[in-house]
Structure formats: C-alpha cells, structure tokens
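What follows is the content of query_10.cif, which has mmCIF, C-alpha atoms:
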```cif
data_run
#
loop_
_atom_site.label_atom_id
_atom_site.label_comp_id
_atom_site.auth_asym_id
_atom_site.auth_seq_id
_atom_site.Cartn_x
_atom_site.Cartn_y
_atom_site.Cartn_z
CA MET A 1 8.89 -8.01 14.78
CA ARG A 2 11.83 -7.28 17.03
CA VAL A 3 10.71 -8.88 20.26
CA ALA A 4 13.08 -8.37 23.17
CA SER A 5 11.06 -10.44 25.62
CA ALA A 6 8.12 -12.81 25.38
CA GLU A 7 6.83 -14.66 28.41
CA PHE A 8 3.88 -16.87 29.25
CA VAL A 9 1.55 -15.21 31.76
CA ARG A 10 -1.31 -17.60 32.44
CA SER A 11 -3.97 -19.91 31.04
CA VAL A 12 -7.56 -18.88 31.63
CA VAL A 13 -10.68 -21.06 31.82
CA ASP A 14 -12.85 -18.51 33.62
CA LEU A 15 -13.41 -14.83 32.88
CA ASN A 16 -12.61 -13.94 36.47
CA GLU A 17 -9.08 -15.24 35.85
CA LEU A 18 -8.29 -12.70 33.13
CA PRO A 19 -5.12 -10.69 33.84
CA ALA A 20 -5.93 -7.51 35.76
CA SER A 21 -3.81 -5.42 33.45
CA ARG A 22 -4.47 -2.42 31.23
CA MET A 23 -2.00 -3.60 28.60
CA PRO A 24 -3.49 -3.67 25.09
CA GLU A 25 -4.18 -7.13 23.70
CA ILE A 26 -4.05 -8.79 20.29
CA ALA A 27 -6.00 -12.06 20.14
CA TRP A 28 -5.45 -14.93 17.72
CA ALA A 29 -8.35 -17.08 16.56
CA GLY A 30 -8.61 -19.94 14.09
CA ARG A 31 -9.57 -23.48 13.32
CA SER A 32 -7.61 -26.18 15.14
CA ASN A 33 -4.40 -27.02 13.27
CA ALA A 34 -4.67 -23.88 11.14
CA GLY A 35 -1.07 -23.05 12.05
CA LYS A 36 -1.83 -20.51 14.76
CA SER A 37 0.91 -21.56 17.19
CA SER A 38 3.54 -21.80 14.44
CA LEU A 39 2.70 -18.31 13.18
CA ILE A 40 2.80 -16.87 16.70
CA ASN A 41 6.23 -18.43 17.25
CA ALA A 42 7.51 -17.13 13.90
CA LEU A 43 6.17 -13.65 14.55
CA THR A 44 7.78 -13.39 17.99
CA GLY A 45 11.00 -15.14 16.98
CA ARG A 46 10.49 -17.84 19.60
CA ARG A 47 10.59 -21.54 18.81
CA SER A 48 8.17 -22.70 21.46
CA LEU A 49 6.37 -19.72 22.95
CA ALA A 50 3.07 -21.20 21.79
CA ARG A 51 3.08 -24.99 21.77
CA THR A 52 2.37 -26.65 18.45
CA SER A 53 0.53 -29.94 18.18
CA ASN A 54 -0.90 -32.31 15.59
CA THR A 55 -3.85 -32.96 17.89
CA PRO A 56 -6.86 -30.76 17.08
CA GLY A 57 -7.99 -28.70 20.03
CA LYS A 58 -4.73 -28.89 21.97
CA THR A 59 -5.26 -25.29 23.07
CA ARG A 60 -8.36 -25.49 25.27
CA LYS A 61 -7.77 -22.38 27.34
CA ILE A 62 -7.14 -18.71 26.66
CA ASN A 63 -3.36 -18.40 26.87
CA PHE A 64 -1.83 -15.00 27.66
CA TYR A 65 1.72 -13.98 26.77
CA VAL A 66 3.31 -10.64 27.60
CA ILE A 67 5.40 -9.15 24.80
CA ASP A 68 8.15 -6.64 25.62
CA SER A 69 6.40 -5.89 28.92
CA SER A 70 3.98 -3.69 26.97
CA TRP A 71 1.18 -5.78 25.42
CA HIS A 72 -0.50 -9.17 25.61
CA LEU A 73 -0.64 -11.72 22.83
CA VAL A 74 -3.74 -13.84 23.46
CA ASP A 75 -4.00 -17.36 22.01
CA LEU A 76 -7.63 -18.49 21.83
CA PRO A 77 -8.80 -22.16 21.69
CA GLY A 78 -9.07 -23.59 18.19
CA TYR A 79 -12.41 -24.12 16.51
CA GLY A 80 -11.84 -27.88 16.20
CA TYR A 81 -12.10 -28.23 19.95
CA VAL A 82 -15.38 -26.34 19.83
CA ALA A 83 -16.84 -28.77 17.33
CA ALA A 84 -15.92 -31.81 19.42
CA ALA A 85 -19.08 -31.82 21.51
CA GLU A 86 -22.09 -29.68 22.28
CA SER A 87 -20.97 -29.21 25.89
CA ASP A 88 -17.56 -28.01 24.68
CA ARG A 89 -19.19 -25.56 22.27
CA ILE A 90 -21.32 -24.10 25.04
CA ARG A 91 -18.29 -23.82 27.32
CA TRP A 92 -16.30 -22.12 24.55
CA GLN A 93 -19.07 -19.61 23.86
CA ALA A 94 -19.39 -18.78 27.55
CA LEU A 95 -15.67 -18.02 27.73
CA ILE A 96 -14.64 -16.65 24.34
CA GLU A 97 -17.62 -14.62 23.18
CA PRO A 98 -17.78 -12.40 26.30
CA TYR A 99 -14.01 -11.95 26.16
CA LEU A 100 -14.08 -10.85 22.52
CA GLU A 101 -17.11 -8.64 23.02
CA ARG A 102 -16.32 -6.92 26.31
CA ARG A 103 -12.58 -6.98 26.93
CA THR A 104 -11.90 -3.26 26.68
CA GLN A 105 -8.15 -3.47 26.02
CA LEU A 106 -8.61 -5.93 23.15
CA CYS A 107 -7.50 -3.76 20.25
CA GLY A 108 -7.32 -6.35 17.48
CA VAL A 109 -8.00 -9.95 16.47
CA VAL A 110 -6.05 -12.03 13.94
CA VAL A 111 -8.27 -14.68 12.34
CA LEU A 112 -6.33 -17.51 10.69
CA VAL A 113 -7.65 -19.30 7.62
CA ASP A 114 -5.82 -22.48 6.60
CA SER A 115 -4.78 -22.07 2.96
CA LYS A 116 -5.21 -25.80 2.24
CA VAL A 117 -8.73 -25.88 3.66
CA GLY A 118 -10.03 -22.43 2.81
CA PRO A 119 -12.55 -20.51 4.91
CA THR A 120 -14.72 -22.97 6.82
CA GLU A 121 -18.21 -22.33 8.13
CA LEU A 122 -16.71 -21.67 11.56
CA ASP A 123 -14.24 -19.18 10.08
CA GLN A 124 -17.11 -17.36 8.38
CA THR A 125 -19.09 -17.37 11.62
CA MET A 126 -16.17 -15.80 13.51
CA ILE A 127 -15.61 -13.19 10.80
CA GLU A 128 -19.30 -12.26 10.65
CA TRP A 129 -19.50 -12.09 14.45
CA LEU A 130 -16.47 -9.79 14.74
CA THR A 131 -17.90 -7.60 11.99
CA ARG A 132 -21.25 -7.27 13.76
CA LYS A 133 -19.53 -6.41 17.03
CA GLY A 134 -17.41 -3.74 15.38
CA ARG A 135 -14.12 -5.35 16.39
CA ASN A 136 -10.93 -4.50 14.53
CA PHE A 137 -9.58 -7.66 12.94
CA ALA A 138 -7.40 -8.98 10.16
CA VAL A 139 -7.42 -12.27 8.28
CA ALA A 140 -4.18 -14.22 7.92
CA ILE A 141 -4.09 -16.99 5.33
CA SER A 142 -1.72 -19.52 6.89
CA LYS A 143 0.57 -22.24 5.50
CA ALA A 144 0.91 -20.47 2.14
CA ASP A 145 4.04 -22.52 1.44
CA ARG A 146 1.84 -25.60 1.03
CA ILE A 147 -0.10 -24.29 -1.97
CA ARG A 148 0.84 -22.61 -5.24
CA ASP A 149 1.26 -18.85 -5.20
CA HIS A 150 -1.63 -18.21 -7.57
CA HIS A 151 -3.95 -20.35 -5.43
CA ALA A 152 -3.04 -18.27 -2.37
CA ALA A 153 -3.61 -15.07 -4.34
CA ASP A 154 -6.99 -16.33 -5.55
CA LEU A 155 -8.00 -17.24 -2.00
CA ALA A 156 -6.98 -13.80 -0.73
CA LYS A 157 -8.95 -12.12 -3.52
CA SER A 158 -12.01 -14.22 -2.75
CA LEU A 159 -11.82 -13.40 0.96
CA ARG A 160 -11.38 -9.69 0.33
CA GLY A 161 -14.57 -9.76 -1.71
CA THR A 162 -16.56 -10.89 1.34
CA LEU A 163 -14.96 -8.63 3.95
CA PRO A 164 -15.42 -4.98 4.90
CA GLU A 165 -12.90 -2.78 3.09
CA THR A 166 -11.19 -1.97 6.38
CA VAL A 167 -10.25 -5.61 7.03
CA PRO A 168 -6.84 -6.56 5.60
CA VAL A 169 -5.97 -10.03 4.33
CA PHE A 170 -2.40 -11.29 4.66
CA ILE A 171 -0.88 -14.31 2.93
CA THR A 172 1.49 -15.87 5.46
CA SER A 173 3.85 -18.78 5.98
CA ALA A 174 5.53 -19.42 9.31
CA LYS A 175 8.02 -21.72 7.59
CA GLN A 176 9.10 -19.23 4.93
CA LYS A 177 8.46 -16.09 7.02
CA GLN A 178 6.12 -14.90 4.29
CA GLY A 179 3.79 -12.01 5.07
CA LEU A 180 5.11 -11.58 8.61
CA ARG A 181 6.30 -8.02 8.09
CA GLU A 182 2.91 -6.95 6.76
CA LEU A 183 1.09 -8.66 9.62
CA GLU A 184 3.50 -7.11 12.12
CA GLY A 185 2.75 -3.69 10.67
CA TRP A 186 -0.97 -4.16 11.21
CA ILE A 187 -0.45 -5.36 14.80
CA LEU A 188 1.86 -2.46 15.66
CA GLY A 189 -0.61 -0.07 14.09
CA ARG A 190 -3.43 -1.40 16.24
CA LEU A 191 -1.30 -1.17 19.40
CA SER A 192 -0.22 2.37 18.57
CA GLY A 193 -3.76 3.42 17.72
CA TRP A 194 -5.09 2.00 20.98
CA ARG A 195 -2.56 3.94 23.03
CA GLU A 196 -3.21 7.17 21.16
CA GLU A 197 -7.00 6.91 21.21
CA THR A 198 -7.42 5.94 24.86
CA PRO A 199 -4.25 6.04 27.00
CA VAL A 200 -6.02 4.54 30.04
CA ARG A 201 -8.86 2.06 29.90
CA ALA A 202 -10.52 -0.10 32.49
CA THR A 203 -9.94 -3.81 32.21
CA TRP A 204 -12.60 -6.53 32.53
CA HIS A 205 -14.45 -6.44 35.84
CA SER A 206 -15.97 -9.65 37.17
CA GLU A 207 -19.23 -7.93 38.02
CA THR A 208 -19.86 -7.33 34.31
CA VAL A 209 -19.85 -11.05 33.54
#
```
Any chance you could put this one into structure tokens?
Amino acid sequence: MRVASAEFVRSVVDLNELPASRMPEIAWAGRSNAGKSSLINALTGRRSLARTSNTPGKTRKINFYVIDSSWHLVDLPGYGYVAAAESDRIRWQALIEPYLERRTQLCGVVVLVDSKVGPTELDQTMIEWLTRKGRNFAVAISKADRIRDHHAADLAKSLRGTLPETVPVFITSAKQKQGLRELEGWILGRLSGWREETPVRATWHSETV
C-alpha cells in the first residue's frame, strides 16, 4: 500500500470522543499479541505508527490514525485485555460493541487470528458477532512465518469452512510482507465501495449512545 502520509489522530475511551469526521474507517481487531500492531506498521510502511509490545493488552483504547488524509485506520483494544477482569470486559463491551455496530463510516473490519494459536473462543465470538450484525470483514492469519506453509494453508482452509462465502481469509506475515498485497486490495476495495455507495454519511452522534 503506497501510503504518502500516516498520522496518529487520537485515543478514545468514550464514544463521545470519536472523531467528528465523515472519513471511511477500517478497524483492526484481534487477540492481544496476535501481531496487530506489526501488521499495521508493515501495511502502512511505518516502523512505529502502531506501537508494538510484548505485554498483552497494551492497547486499551481505540486508536485512530489518518491515512493519506482520506481514511481512518482504527486500532481496537486486544482481546487479552478484555479477558483480564470482568470490569474490563464490561468496559470493553460498552465502548467497542456500539462502535462496531453503529459507526456509520466503518466500512470494514480486519480480524486477526494468530497462526500459532489458531482461532480462539474470543476470535470466534467476534467473527460470529460481526456476521450477525452484517458487517463487512476479513480474516487475516498473522505471523505465518512462524509456522510451516502447509499448516498455514490448512488453517486458512479450516477457517474458510466456517465463514460466510463473502468473507476472505488472508495468510499474512508482517516480517516477510506475505499477503499484504492481497489484504491491501481488500481494504482499498472496501474504501472505494463505501465512497461509491454513499458519498456522504453522518458520523456517530452522541445522542445515539
């Protein structure tokens, strides 16, 4: 993805803090330490746009980045943080679920599945939830360089068997740049489709919370 500019916008802990912009958004979701930040950095060609960490749950807020002054890349908190405590899970649900369900300019979600771990119960819950809500999403198998090629292919085949036919599965590696072009194509397709289908949409309004 040829990214001319990528800048951090803000971190959000309350729905009323969401950017008041009509730019289309692509959100990234996944288990803590699934390689989300590394893949975001590889995709945008930036070394530290999204901060990487070995500590599960480092991302505890919704982080917004503006790409090429035309769309927002949205980094959601990792699932590991959600599982830390019941109070954290409730707080996460109150922030993330309404965002994913009602944010009108959200035109796609990338769900990461760690290749070494496979789809967890939380991954399945996210996938099933997005399916029920009719959200456009893709699944990216991350860290493919850490497993054998045939294991990654088997995992992708298994996932495809449980997903709607319209949901693509990409085998990716931030380290080896594997699968990035295919994932980029899906993202650009979603952004283009959003602009063509509805040129102007209303953003989130606080009174709908």
Practice problem: Using atom CA of Gln124 of chain A and atom CA of Trp194 of chain A as the two end points, give the distance in Å to one decimal. | Solution: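 These two atoms are separated by 26.0 Å.
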Quiz item: Any idea what's packed within 9 Å of Lys133 of chain A, counting only C-alpha atoms, ignoring anything in its chain fewer than 4 positions away? Could you give it as a PyMOL selection string?
Solution: chain A and resi 100-101+128-129
Please produce a file of the residues just selected, as a tab-separated table (two decimals), keeping the file's coordinate frame, where the atoms kept are C-alpha atoms.
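Result file result_4.tsv:
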```
chain	number	residue	atom	x	y	z
A	100	LEU	CA	-14.08	-10.85	22.52
A	101	GLU	CA	-17.11	-8.64	23.02
A	128	GLU	CA	-19.30	-12.26	10.65
A	129	TRP	CA	-19.50	-12.09	14.45
```
Self-check item: Å distance separating atom CA of Trp28 of chain A from atom CA of Asp145 of chain A, one decimal place
Solution: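 Atom-to-atom, atom CA of Trp28 of chain A to atom CA of Asp145 of chain A, that is 20.3 Å.
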Quiz item: Could you name the residues that touch segment 66-74 of chain A at 10 Å or less, counting only C-alpha atoms, but leaving out those on the same chain fewer than 4 positions away, as a list in words?
Solution: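 My reading of the contact set: Arg2, Val3, Ala4, Ser5, Ala6, Glu7, Phe8, Val9, Arg10, Ser11, Pro19, Ser21, Arg22, Met23, Pro24, Glu25, Ile26, Ala27, Trp28, Ala29, Ile40, Thr44, Ile62, Gln105, Leu106, Val109, Val110 and Leu191 of chain A.
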Quiz prompt | atom CA of Gln178 of chain A to atom CA of Val117 of chain A, straight-line distance in Å | solution = 18.5 Å
Quiz prompt | Target residues per the PyMOL selection byres ((chain A and resi 163-177) around 9), formatted as a PyMOL selection string | solution = chain A and resi 35+38-43+115+127-128+131+136-146+152-153+156-157+159-162+178-183+186
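Candidate residues A:Gly45, A:Gly118, A:Gly108, A:Pro77 were compared for distance to Met1 of chain A, and the nearest is A:Gly45, using only C-alpha atoms.
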Self-check item: Spatial neighbours of Ile96 of chain A, max dist 12 Å, only C-alpha atoms, sep filter under 5 positions, as a PyMOL selection string
Solution: chain A and resi 12-15+18+27-29+60-63+74-79+82+88-91+101-103+126+129-130+209
Keeping C-alpha atoms for every residue in the selection just given, could you write it to a file as a compact mmCIF listing (two decimals), in the coordinates of the input?
```
# COMPACT_ATOMS: atom_id res chain seq x y z
CA VAL A 12 -7.56 -18.88 31.63
CA VAL A 13 -10.68 -21.06 31.82
CA ASP A 14 -12.85 -18.51 33.62
CA LEU A 15 -13.41 -14.83 32.88
CA LEU A 18 -8.29 -12.70 33.13
CA ALA A 27 -6.00 -12.06 20.14
CA TRP A 28 -5.45 -14.93 17.72
CA ALA A 29 -8.35 -17.08 16.56
CA ARG A 60 -8.36 -25.49 25.27
CA LYS A 61 -7.77 -22.38 27.34
CA ILE A 62 -7.14 -18.71 26.66
CA ASN A 63 -3.36 -18.40 26.87
CA VAL A 74 -3.74 -13.84 23.46
CA ASP A 75 -4.00 -17.36 22.01
CA LEU A 76 -7.63 -18.49 21.83
CA PRO A 77 -8.80 -22.16 21.69
CA GLY A 78 -9.07 -23.59 18.19
CA TYR A 79 -12.41 -24.12 16.51
CA VAL A 82 -15.38 -26.34 19.83
CA ASP A 88 -17.56 -28.01 24.68
CA ARG A 89 -19.19 -25.56 22.27
CA ILE A 90 -21.32 -24.10 25.04
CA ARG A 91 -18.29 -23.82 27.32
CA GLU A 101 -17.11 -8.64 23.02
CA ARG A 102 -16.32 -6.92 26.31
CA ARG A 103 -12.58 -6.98 26.93
CA MET A 126 -16.17 -15.80 13.51
CA TRP A 129 -19.50 -12.09 14.45
CA LEU A 130 -16.47 -9.79 14.74
CA VAL A 209 -19.85 -11.05 33.54
```
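Taking all atoms listed in the file into account, Ile147 of chain A lies nearest to A:Asp114 out of the set A:Tyr65, A:Asp114, A:Thr120, A:Arg132.
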